[in-house]
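Report on the structure given below.
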Amino acid sequence: LLGEDDETNIAALEKFENDLDHPEDGLRSVKVSNCKITDENGKIKHGQQALVSGTKVLVCTGSKSTRLPGIPFDQSHRIFDSDTINLLGYLPRSVTIAGLGLIGIEFANIFNELGVEDVKIIARGDIETSVKKLNMDMDVANELMRLLTKSGVQVLEGTSIDEFTYVPPPGADDELIQMRLNDGSTLETDLFLAATGRHPIGNNKDSGLTSAGVDITDQGRTADRGK
């Protein structure tokens, strides 16, 4: 965490104060376009513009799962991302999760607690490297991984999928997804979850964050984060 006297925090506060529309009141205004507004009669008007003012303006654009190329999401009812997994309507016999991040770990624990005995997590790197990317206290992260593996979840380090060799079409209830891994071996699973991260909804222009005085990267992250 950055301290109050950190140069990044100081620069951010100066930028905010310099950009105030009403310095005497500490107010900042943001114009919102193409929004829905409810008038005094309770009628919703679409495609409107509004000026929002306040001492703090919180912009929440939301996020959606990142779908990496090569994963046949649309070819099977057994392949999910971190959004569509919430629509799961059956208890799988086995689960393979790509991604050793917080989402992957969370769902591995969920399926394990639901009684799925065969739960695997595929990780491109090793556990230590993946744990460091969680951006949490290392003692907490290591204990999290210890409990995960102790519960029976298997972590396949240094592993990636070269190809989905067979994807059961809708209605094929008794068939498994077949994958060829980077070491040449094959892996079968009843359900595949791509826990490969999330990204902001809408591009930088649509979200209006730049107009609000927030510097962001092409990936939608705040430019000052992590400095």
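Ligands are numbered from 1 in the order shown, chains are lettered A, B, ... in the order of the structure tokens, and residues start at 1 in each chain.
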
- Running DSSP on the backbone, which parts of range 46-100 of chain A land in strand (DSSP E or B), as a PyMOL selection string? chain A and resi 46-54+63-65+79-81+94-98

Sorted per-residue table, range 96-161 of chain A near range 165-188 of chain A, closest atoms and distance, 8 Å, only C-alpha atoms, as CSV:
residue,atom,partner,partner_atom,distance
A:Thr159,CA,A:Asn182,CA,6.3
A:Ser160,CA,A:Asn182,CA,5.6
A:Ile161,CA,A:Leu181,CA,4.5

- Query: Any idea what's packed within 9 Å of Ile103 in chain A, counting only C-alpha atoms, ignoring anything in its chain fewer than 4 positions away? Could you give it as JSON, numbers by chain?
  - Reply: {"A": [82, 99, 107, 108, 195, 196, 197]}

Keeping only all heavy atoms, write those residues as a tab-separated table (two decimals), in the first residue's frame.
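Below is the file selection-v1.tsv, written as the result:
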chain	number	residue	atom	x	y	z
A	82	SER	N	-15.52	-17.57	-16.74
A	82	SER	CA	-15.92	-17.16	-15.40
A	82	SER	C	-17.27	-16.47	-15.36
A	82	SER	O	-17.79	-16.19	-14.27
A	82	SER	CB	-14.85	-16.26	-14.77
A	82	SER	OG	-14.60	-15.13	-15.58
A	99	GLY	N	-5.75	-21.80	-15.32
A	99	GLY	CA	-5.49	-20.55	-14.63
A	99	GLY	C	-5.41	-20.72	-13.13
A	99	GLY	O	-6.37	-21.14	-12.50
A	107	PHE	N	-13.03	-21.45	-7.75
A	107	PHE	CA	-13.91	-22.47	-8.32
A	107	PHE	C	-13.38	-23.88	-8.08
A	107	PHE	O	-14.16	-24.83	-7.98
A	107	PHE	CB	-14.13	-22.21	-9.81
A	107	PHE	CG	-15.20	-21.20	-10.07
A	107	PHE	CD1	-14.89	-19.89	-10.39
A	107	PHE	CD2	-16.54	-21.56	-9.98
A	107	PHE	CE1	-15.88	-18.95	-10.61
A	107	PHE	CE2	-17.55	-20.64	-10.20
A	107	PHE	CZ	-17.22	-19.32	-10.52
A	108	ALA	N	-12.07	-24.03	-7.97
A	108	ALA	CA	-11.52	-25.34	-7.61
A	108	ALA	C	-12.02	-25.75	-6.23
A	108	ALA	O	-12.42	-26.91	-6.01
A	108	ALA	CB	-10.00	-25.30	-7.65
A	195	ALA	N	-10.33	-19.95	-16.55
A	195	ALA	CA	-10.23	-18.87	-15.57
A	195	ALA	C	-9.00	-18.03	-15.91
A	195	ALA	O	-8.01	-18.00	-15.20
A	195	ALA	CB	-10.13	-19.44	-14.15
A	196	THR	N	-9.08	-17.37	-17.06
A	196	THR	CA	-7.92	-16.69	-17.64
A	196	THR	C	-7.98	-15.18	-17.51
A	196	THR	O	-7.46	-14.45	-18.35
A	196	THR	CB	-7.78	-17.08	-19.12
A	196	THR	OG1	-9.06	-16.92	-19.79
A	196	THR	CG2	-7.37	-18.54	-19.25
A	197	GLY	N	-8.64	-14.71	-16.47
A	197	GLY	CA	-8.65	-13.28	-16.21
A	197	GLY	C	-9.92	-12.59	-16.68
A	197	GLY	O	-10.78	-13.18	-17.33

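Closest approach to Val131 in chain A among A:Ser151, A:Leu102, A:Glu40, A:Glu113: A:Leu102, based on only C-alpha atoms.
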
- Item | For Ala98 in chain A, the nearest of the candidates A:Met136, A:Ser53, A:Gly158, A:Leu193, counting only C-alpha atoms | A:Leu193

- Message: I need the residue nearest Thr66 in chain A from this list: A:Asn112, A:Arg198, A:Ala50, A:Asp137. Use only C-alpha atoms for the distance.
- Response: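 With only C-alpha atoms as the atom set, the closest residue is A:Arg198.
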
- Find the residues around Ile105 in chain A up to 12 Å (only C-alpha atoms counted), leave out those fewer than 6 positions away in its own chain, and share them as a count of residues only. 31

- DSSP alpha helix (DSSP H) residues within range 61-139 of chain A, as a list in words: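 Checking each residue of range 61-139 of chain A, the alpha helix (DSSP H) ones are Leu102, Ile103, Gly104, Ile105, Glu106, Phe107, Ala108, Asn109, Ile110, Phe111, Asn112, Glu113, Ile127, Glu128, Thr129, Ser130, Val131, Lys132, Met138 and Asp139 of chain A.
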
Once you have the residues from the selection above, write them out as a compact mmCIF listing (two decimals), in the first residue's frame, restricted to all heavy atoms.
# COMPACT_ATOMS: atom_id res chain seq x y z
N LEU A 102 -6.99 -16.13 -8.66
CA LEU A 102 -8.00 -16.17 -7.61
C LEU A 102 -9.29 -16.83 -8.09
O LEU A 102 -9.94 -17.57 -7.33
CB LEU A 102 -8.28 -14.76 -7.09
CG LEU A 102 -7.14 -14.08 -6.32
CD1 LEU A 102 -7.53 -12.66 -5.94
CD2 LEU A 102 -6.79 -14.89 -5.08
N ILE A 103 -9.68 -16.57 -9.34
CA ILE A 103 -10.91 -17.16 -9.86
C ILE A 103 -10.76 -18.67 -9.98
O ILE A 103 -11.65 -19.44 -9.58
CB ILE A 103 -11.27 -16.54 -11.22
CG1 ILE A 103 -11.61 -15.05 -11.06
CG2 ILE A 103 -12.46 -17.28 -11.85
CD1 ILE A 103 -11.88 -14.35 -12.37
N GLY A 104 -9.63 -19.12 -10.52
CA GLY A 104 -9.40 -20.55 -10.66
C GLY A 104 -9.37 -21.26 -9.32
O GLY A 104 -9.96 -22.33 -9.16
N ILE A 105 -8.70 -20.66 -8.34
CA ILE A 105 -8.62 -21.26 -7.01
C ILE A 105 -10.00 -21.30 -6.35
O ILE A 105 -10.38 -22.30 -5.72
CB ILE A 105 -7.63 -20.47 -6.13
CG1 ILE A 105 -6.20 -20.64 -6.67
CG2 ILE A 105 -7.70 -20.91 -4.68
CD1 ILE A 105 -5.18 -19.76 -5.98
N GLU A 106 -10.76 -20.22 -6.50
CA GLU A 106 -12.10 -20.17 -5.90
C GLU A 106 -12.99 -21.28 -6.44
O GLU A 106 -13.64 -22.00 -5.66
CB GLU A 106 -12.74 -18.81 -6.19
CG GLU A 106 -14.15 -18.69 -5.65
CD GLU A 106 -14.80 -17.36 -6.02
OE1 GLU A 106 -14.20 -16.58 -6.78
OE2 GLU A 106 -15.93 -17.11 -5.54
N PHE A 107 -13.03 -21.45 -7.75
CA PHE A 107 -13.91 -22.47 -8.32
C PHE A 107 -13.38 -23.88 -8.08
O PHE A 107 -14.16 -24.83 -7.98
CB PHE A 107 -14.13 -22.21 -9.81
CG PHE A 107 -15.20 -21.20 -10.07
CD1 PHE A 107 -14.89 -19.89 -10.39
CD2 PHE A 107 -16.54 -21.56 -9.98
CE1 PHE A 107 -15.88 -18.95 -10.61
CE2 PHE A 107 -17.55 -20.64 -10.20
CZ PHE A 107 -17.22 -19.32 -10.52
N ALA A 108 -12.07 -24.03 -7.97
CA ALA A 108 -11.52 -25.34 -7.61
C ALA A 108 -12.02 -25.75 -6.23
O ALA A 108 -12.42 -26.91 -6.01
CB ALA A 108 -10.00 -25.30 -7.65
N ASN A 109 -12.02 -24.81 -5.30
CA ASN A 109 -12.53 -25.09 -3.96
C ASN A 109 -14.03 -25.37 -3.97
O ASN A 109 -14.52 -26.25 -3.25
CB ASN A 109 -12.23 -23.91 -3.03
CG ASN A 109 -10.80 -23.90 -2.51
OD1 ASN A 109 -10.28 -24.94 -2.12
ND2 ASN A 109 -10.17 -22.75 -2.52
N ILE A 110 -14.76 -24.62 -4.78
CA ILE A 110 -16.22 -24.82 -4.86
C ILE A 110 -16.54 -26.23 -5.35
O ILE A 110 -17.35 -26.94 -4.75
CB ILE A 110 -16.85 -23.76 -5.79
CG1 ILE A 110 -16.82 -22.38 -5.13
CG2 ILE A 110 -18.30 -24.14 -6.12
CD1 ILE A 110 -17.28 -21.26 -6.02
N PHE A 111 -15.93 -26.63 -6.46
CA PHE A 111 -16.21 -27.96 -7.01
C PHE A 111 -15.75 -29.06 -6.05
O PHE A 111 -16.39 -30.10 -5.93
CB PHE A 111 -15.55 -28.12 -8.37
CG PHE A 111 -16.28 -27.42 -9.49
CD1 PHE A 111 -15.69 -26.38 -10.18
CD2 PHE A 111 -17.56 -27.81 -9.84
CE1 PHE A 111 -16.36 -25.73 -11.20
CE2 PHE A 111 -18.25 -27.17 -10.85
CZ PHE A 111 -17.65 -26.13 -11.55
N ASN A 112 -14.63 -28.82 -5.38
CA ASN A 112 -14.13 -29.79 -4.42
C ASN A 112 -15.11 -29.97 -3.27
O ASN A 112 -15.40 -31.09 -2.84
CB ASN A 112 -12.76 -29.34 -3.90
CG ASN A 112 -12.12 -30.37 -2.99
OD1 ASN A 112 -11.84 -31.49 -3.41
ND2 ASN A 112 -11.90 -30.00 -1.74
N GLU A 113 -15.66 -28.85 -2.77
CA GLU A 113 -16.62 -28.91 -1.67
C GLU A 113 -17.94 -29.54 -2.12
O GLU A 113 -18.66 -30.13 -1.31
CB GLU A 113 -16.88 -27.50 -1.12
CG GLU A 113 -15.72 -26.92 -0.32
CD GLU A 113 -15.44 -27.73 0.93
OE1 GLU A 113 -16.40 -28.18 1.58
OE2 GLU A 113 -14.26 -27.93 1.25
N ILE A 127 4.05 -23.11 -9.10
CA ILE A 127 3.16 -22.61 -8.06
C ILE A 127 3.72 -21.33 -7.43
O ILE A 127 2.98 -20.37 -7.20
CB ILE A 127 2.93 -23.69 -6.98
CG1 ILE A 127 2.11 -24.85 -7.55
CG2 ILE A 127 2.23 -23.09 -5.76
CD1 ILE A 127 1.84 -25.96 -6.57
N GLU A 128 5.01 -21.30 -7.18
CA GLU A 128 5.61 -20.13 -6.53
C GLU A 128 5.41 -18.87 -7.36
O GLU A 128 5.03 -17.81 -6.83
CB GLU A 128 7.11 -20.37 -6.29
CG GLU A 128 7.80 -19.21 -5.58
CD GLU A 128 9.28 -19.48 -5.33
OE1 GLU A 128 9.75 -20.57 -5.69
OE2 GLU A 128 9.94 -18.58 -4.77
N THR A 129 5.66 -18.97 -8.67
CA THR A 129 5.48 -17.81 -9.55
C THR A 129 4.02 -17.38 -9.59
O THR A 129 3.70 -16.19 -9.55
CB THR A 129 5.97 -18.14 -10.96
OG1 THR A 129 7.35 -18.52 -10.92
CG2 THR A 129 5.82 -16.93 -11.88
N SER A 130 3.12 -18.35 -9.66
CA SER A 130 1.70 -18.05 -9.72
C SER A 130 1.22 -17.39 -8.43
O SER A 130 0.40 -16.47 -8.46
CB SER A 130 0.89 -19.33 -9.97
OG SER A 130 1.26 -19.92 -11.20
N VAL A 131 1.75 -17.85 -7.29
CA VAL A 131 1.36 -17.29 -6.00
C VAL A 131 1.77 -15.82 -5.91
O VAL A 131 1.02 -14.98 -5.40
CB VAL A 131 1.98 -18.10 -4.85
CG1 VAL A 131 1.89 -17.33 -3.54
CG2 VAL A 131 1.28 -19.44 -4.71
N LYS A 132 2.94 -15.48 -6.42
CA LYS A 132 3.41 -14.10 -6.38
C LYS A 132 2.50 -13.17 -7.18
O LYS A 132 2.36 -11.99 -6.86
CB LYS A 132 4.85 -14.02 -6.90
CG LYS A 132 5.87 -14.65 -5.97
CD LYS A 132 7.28 -14.55 -6.55
CE LYS A 132 8.30 -15.19 -5.61
NZ LYS A 132 9.67 -15.12 -6.18
N MET A 138 2.33 -12.99 1.13
CA MET A 138 2.87 -14.28 0.71
C MET A 138 2.54 -15.39 1.71
O MET A 138 2.32 -16.54 1.31
CB MET A 138 4.37 -14.18 0.51
CG MET A 138 4.78 -13.41 -0.74
SD MET A 138 4.08 -14.13 -2.26
CE MET A 138 4.86 -15.74 -2.26
N ASP A 139 2.52 -15.08 3.00
CA ASP A 139 2.17 -16.10 3.99
C ASP A 139 0.73 -16.57 3.78
O ASP A 139 0.43 -17.77 3.85
CB ASP A 139 2.33 -15.55 5.40
CG ASP A 139 3.79 -15.34 5.77
OD1 ASP A 139 4.64 -16.03 5.18
OD2 ASP A 139 4.07 -14.50 6.64

- Would you work out the distance separating CA of Glu163 in chain A from CA of Lys133 in chain A, expressed in Å to one decimal?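 Between these atoms lies a distance of 25.9 Å.
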